[in-house]
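Student: Sending over a structure as structure tokens; questions will come in a sec.
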Amino acid sequence: MNVLILHDRIEDGASVDVADALTQAEVFERCLAADGHGCSRMGVDLDLRAVGARVQEAGLVVNLVESLAGRGSLIHLVPALVESIGTPMTGCPAHAIATTSNKLAAKRVLSAEGVPTPDWVEQHGRVPVKDRWIIKSVWEHASIGLGPDSVVDAGAVDLAKSLVARAPTLGGHAFAERFIEGREFNLALLETGDGVRLLPPAEILFVEFPPDQPRIVDFAAKWDEASHAYHHTPRRFEFPSDDAPLLIELESWARRCWDAFGLRGYARVDFRVDERGRPWVLEVNTNPCLSPDAGFMAAAARGGVSESDVIAHIVRAAR
């Protein structure tokens with residue numbers, strides 16, 4: 001099979017989160033080559049005509065595209081193009097990618113479906129005067145623009161002005177989400193021949209964080225190897241027995257998210273659990289990182305699913 005791997009066009013000096021797409025492409029190449037398939041890569045940009053020509057020649061498209069021309073708001077265009085041509089494609093369909101990548105649209109769907117998600121405030125919307133909030137990008141992922149100063153107290157700052165001021169560093173569109181003090185979990189989902197499989201849940205620990213440092217997985221925690229957060233946010237897969245009801249509840253909500261958005265192939269759902277033990281869905285990630293050291297592959301390994309088996313399941317779901 002002729003496999004075309006699509007990813008963001010990588011320019012010289014690209015940030016580490018963008019360049020990580022090449023690592024994921026290598027995972028697919030390695031696993032597919034072992035099964036005798038031929039692979040080629042293409043870094044995509046706004047020239048969709050050129051992308052379409054390559055897609056028409058392929059027997060399968062691996063979609064690793066996170067943005068076009070550095071804009072996360074265009075993430076859905078490439079999978080929509082592939083679908084219009086009819087070539088099988090890995091991962092979620094274009095409509096699911098578009099809806100989940102716009103965090104405001106995703107939260108509206110979650111709310112309508114009865115899935116718990118923290119309250120939010122949009123730019124130019126009604127602004128609260130109390131509680132803690134975290135300012136996020138509407139479109140960008142990989143914790144772009146997130147740092148310790150992203151968590152603010154509405155009683156101490158002008159939240160409306162903060163949203164406008166921070167928007168340029170957050171892809172141009174910002175919103176505020178009620179900050180949930182507590183624990184953070186990731187649940188990875190993988191489509192198999194027997195249906196959707198929940199991989200072992202992972203909790204992100206915040207180890208030796210200073211009292212004034214918010215317990216969040218910000219950009220530094222994910223990508224900056226020189227930062228304190230990078231080395232003090234390990235994940236764990238082992239839990240005490242009294243966490244069993246919580247983990248069952250998280251799995252139930254993750255499946256609800258899969259169905260609500262019409263997901264396919266693989267995905268990840270991110271949660272916070274407040275101090276009263278109530279879970280809240282933060283995001284539904286339709287294109288989670290598949291690098292060997294990332295959370296999805298770690299959860300798969302914990303569940304006894306090898307890297308090659310993960311790729312095989314994703315390819316079978318696409319075909």
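The chains in the structure tokens are called A, B, ... from first to last as shown; in each chain the residues are counted from 1, and the ligands are counted from 1 in the order shown.
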I need the residues of stretch 77-169 of chain A that end up classed as strand (DSSP E) by DSSP on the backbone, written out as a PyMOL selection string.

Tutor: chain A and resi 120-122+132-137+151-153

Student: Save out the residues we just selected, C-alpha atoms, as a CSV table (one decimal), in the first residue's frame.

Tutor:
```csv
chain,number,residue,atom,x,y,z
A,120,TRP,CA,-16.3,29.7,30.4
A,121,VAL,CA,-16.2,33.3,29.4
A,122,GLU,CA,-15.7,34.5,25.8
A,132,ARG,CA,-10.1,31.9,39.5
A,133,TRP,CA,-9.9,31.5,35.8
A,134,ILE,CA,-7.4,30.2,33.3
A,135,ILE,CA,-7.0,32.0,30.0
A,136,LYS,CA,-6.6,29.8,27.0
A,137,SER,CA,-6.5,29.9,23.2
A,151,VAL,CA,-4.3,31.5,35.9
A,152,VAL,CA,-5.8,34.7,37.2
A,153,ASP,CA,-8.2,35.9,40.0
```

Student: Within 6 Å of stretch 195-216 of chain A, which residues of stretch 223-256 of chain A come that close, and what is the closest atom pair and distance in Å for each? Count only C-alpha atoms and give it as CSV.

Tutor:
```
residue,atom,partner,partner_atom,distance
A:His232,CA,A:Val207,CA,5.0
A:Thr233,CA,A:Phe206,CA,5.0
A:Pro234,CA,A:Leu205,CA,5.6
A:Arg235,CA,A:Ile204,CA,4.4
A:Arg236,CA,A:Glu203,CA,5.4
A:Phe237,CA,A:Ala202,CA,5.0
```

Student: Could you pull the residues within 8 Å of stretch 186-193 of chain A, counting only C-alpha atoms, minus those fewer than 4 positions along the same chain, as a PyMOL selection string?

Tutor: chain A and resi 197-204+250-251+254+264-271+295-296+299+310+313-314+316-317

Student: Let's have the selection written as a short mmCIF file (atom, residue, chain, number, x, y, z; two decimals), in the first residue's frame, with C-alpha atoms.

Tutor:
```cif
data_model
loop_
_atom_site.label_atom_id
_atom_site.label_comp_id
_atom_site.auth_asym_id
_atom_site.auth_seq_id
_atom_site.Cartn_x
_atom_site.Cartn_y
_atom_site.Cartn_z
CA ARG A 197 -10.90 0.41 23.87
CA LEU A 198 -10.12 2.61 26.87
CA LEU A 199 -6.41 2.46 27.58
CA PRO A 200 -5.28 2.65 31.23
CA PRO A 201 -6.04 6.10 32.71
CA ALA A 202 -3.09 8.31 33.57
CA GLU A 203 -2.84 11.00 36.24
CA ILE A 204 -0.44 13.91 35.90
CA LEU A 250 -13.87 8.96 33.99
CA GLU A 251 -14.03 6.05 31.54
CA ALA A 254 -14.66 9.49 27.93
CA ARG A 264 -12.83 7.50 15.04
CA GLY A 265 -9.44 5.80 15.19
CA TYR A 266 -7.93 7.29 18.30
CA ALA A 267 -8.38 10.23 20.65
CA ARG A 268 -7.67 11.49 24.17
CA VAL A 269 -9.92 13.14 26.73
CA ASP A 270 -8.40 15.45 29.35
CA PHE A 271 -10.01 15.86 32.77
CA GLY A 295 1.04 9.98 26.96
CA PHE A 296 -0.92 7.99 24.37
CA ALA A 299 -0.97 4.37 28.14
CA VAL A 310 -1.40 0.87 18.00
CA HIS A 313 -5.37 -0.60 14.86
CA ILE A 314 -5.37 2.99 13.60
CA ARG A 316 -7.46 -0.81 10.16
CA ALA A 317 -9.95 1.73 11.50
#
```

Student: Quick one: residues within 7 Å of A:Trp280, only C-alpha atoms counted, chain neighbours fewer than 3 positions away excluded, as a list of chain:residue names?

Tutor: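 So the residues in contact are A:Pro116, A:Thr117, A:Pro118, A:Phe271, A:Arg272, A:Val273.
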
Student: Can you write out the residues you just picked, keeping C-alpha atoms, as a short mmCIF file (atom, residue, chain, number, x, y, z; two decimals), in the first residue's frame?

Tutor:
```
data_model
loop_
_atom_site.label_atom_id
_atom_site.label_comp_id
_atom_site.auth_asym_id
_atom_site.auth_seq_id
_atom_site.Cartn_x
_atom_site.Cartn_y
_atom_site.Cartn_z
CA PRO A 116 -19.53 18.23 32.86
CA THR A 117 -17.18 20.93 31.59
CA PRO A 118 -16.03 24.05 33.47
CA PHE A 271 -10.01 15.86 32.77
CA ARG A 272 -9.64 17.80 35.96
CA VAL A 273 -11.11 16.34 39.14
#
```

Student: Could you tell me how far atom CA of A:Leu110 lies from atom CA of A:Phe185, in Å and to one decimal?

Tutor: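 Atom-to-atom, atom CA of A:Leu110 and atom CA of A:Phe185 are spaced 17.4 Å apart.
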
Student: Can you pull out every residue from stretch 5-112 of chain A that DSSP, working from the backbone, puts in helix (DSSP H, G or I), and format the result as a PyMOL selection string?

Tutor: chain A and resi 16-34+48-57+72-74+77-85+94-101+103-112

Student: Just checking: using only C-alpha atoms, which residue out of A:Ala112, A:Leu163, A:Ala176, A:Leu22 ends up closest to A:Leu290?

Tutor: A:Leu22

Student: So which one's closest to A:Val109, A:Ala244, A:Glu11, A:Ala96, A:Leu48? Using only C-alpha atoms, please.

Tutor: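 Comparing A:Ala244, A:Glu11, A:Ala96, A:Leu48 against A:Val109, the winner is A:Ala96.
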
Student: Quick one: everything within 8 Å of stretch 60-75 of chain A, counting only C-alpha atoms, minus sequence neighbours fewer than 4 positions away in the same chain. Send it as a PyMOL selection string.

Tutor: chain A and resi 1-9+21+24-25+44-46+55+79+82+87-91+97-98+101-102+139-141+171+287+319
